[in-house]
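Novice: Can you keep this structure in mind? I'll have questions shortly.
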Amino acid sequence: MGTWFAVVAVILAVVIGFTIMLRRRIDVPKRQHRVEVYVKMPYRVSWPPGYADSRPIRQVKTPNGLYLMEAFGGRAAALEFLRGCEVRDERVYVIAENPESNLGKDLVMIFEEFDGAFVEIAERSVLPTPELSREDCARCGYAVIPAQSPGSSAITYGDGTVRWFASLDQMEMDGYGHQCQACGALACARCYRSVPQHPNAGGKLDLRCWLCDGRVDVFTG
Ligand SMILES: [Zn+2]
Ligand SMILES: [Zn+2]
């Protein structure tokens, strides 16, 4: 009997020890890779009229960004609330919890919180007058994210220049935009998509600066 106890005790010790090792292995990389993203403060979010005065918003900061949460009785009420919110900075997420399926809104769109699936594009209100900024769209004041890929809108080498053309639709989904070659003002893809461009351009997309009417190029930061 004594031998069996010893064997069982050794097996238990090995199993417990192994479990602790596994836990450590899983925990360590997470800590090492926890790099906090930069969230612009104070963040620029506006609520539907009268909302912020009457109901507190729950705030949670995570390594991915800042989450502003509120609960609703159903999906329809959550969606209506999000349509009235404007999120003008990246990495800020308004989450409208509800018993059917939680919804979220960021700089670009309303999405399913569960898997990030697209629900609808975020409408943007327009500034009273266009403003010059190196970070925000001159027309709507929303942050313009520098295009990441392939790094430049024009690459010049030996015998020519390769220009990169991204579709305006995709740029809108990525939160990208353009920059005026003359005055440096920014213009988000959403604003260009929501306003018909120079109808006399012969069917070609002729994007111009909201401030000085100068030609624009993809904004890469
Ligand atoms: Zn805009
Ligand atoms: Zn300009």
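By convention here, the chains of the structure tokens are called A, B, ... in the order presented, each chain's residues are numbered starting at 1, and ligands are numbered starting at 1 in the order presented.
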List as a PyMOL selection string the protein and nucleic acid residues lying within 9 Å of ligand 1, with only C-alpha atoms and all ligand atoms counted.

Specialist: chain A and resi 124-126+136-144+177+186-192

Novice: Kindly provide, as a ChimeraX atom specification, all nucleotide and amino acid residues lying within 6 Å of ligand 2, counting only C-alpha atoms and all ligand atoms.

Specialist: /A:180,182-185,209,211-214

Novice: Write a file of the selected residues as a PDB file, in the first residue's frame, keeping C-alpha atoms.

Specialist:
```pdb
ATOM      1  CA  CYS A 180      -3.648  68.473 -50.550  1.00  0.00           C
ATOM      2  CA  ALA A 182      -0.700  72.694 -52.149  1.00  0.00           C
ATOM      3  CA  CYS A 183      -1.798  73.506 -48.585  1.00  0.00           C
ATOM      4  CA  GLY A 184      -1.405  70.153 -46.783  1.00  0.00           C
ATOM      5  CA  ALA A 185      -5.047  69.934 -45.661  1.00  0.00           C
ATOM      6  CA  CYS A 209      -8.871  70.045 -51.542  1.00  0.00           C
ATOM      7  CA  LEU A 211      -9.929  74.485 -48.637  1.00  0.00           C
ATOM      8  CA  CYS A 212      -7.951  75.606 -51.710  1.00  0.00           C
ATOM      9  CA  ASP A 213      -9.244  73.368 -54.517  1.00  0.00           C
ATOM     10  CA  GLY A 214      -5.686  72.007 -54.975  1.00  0.00           C
TER      11      GLY A 214
END
```

Novice: Could you pull the residues within 6 Å of stretch 94-96 of chain A, counting only C-alpha atoms, minus those fewer than 6 positions along the same chain, as JSON, numbers by chain?

Specialist: {"A": [67, 68, 69, 70, 71, 78, 102, 103, 104, 105]}

Novice: Please measure the separation of atom CA of A:Ala52 and atom CA of A:Glu120, giving the value in Å to one decimal.

Specialist: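 Separating atom CA of A:Ala52 from atom CA of A:Glu120 is a distance of 23.4 Å.
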
Novice: Running DSSP on the backbone, which parts of stretch 73-216 of chain A land in helix (DSSP H, G or I), as a count of residues only?

Specialist: 23
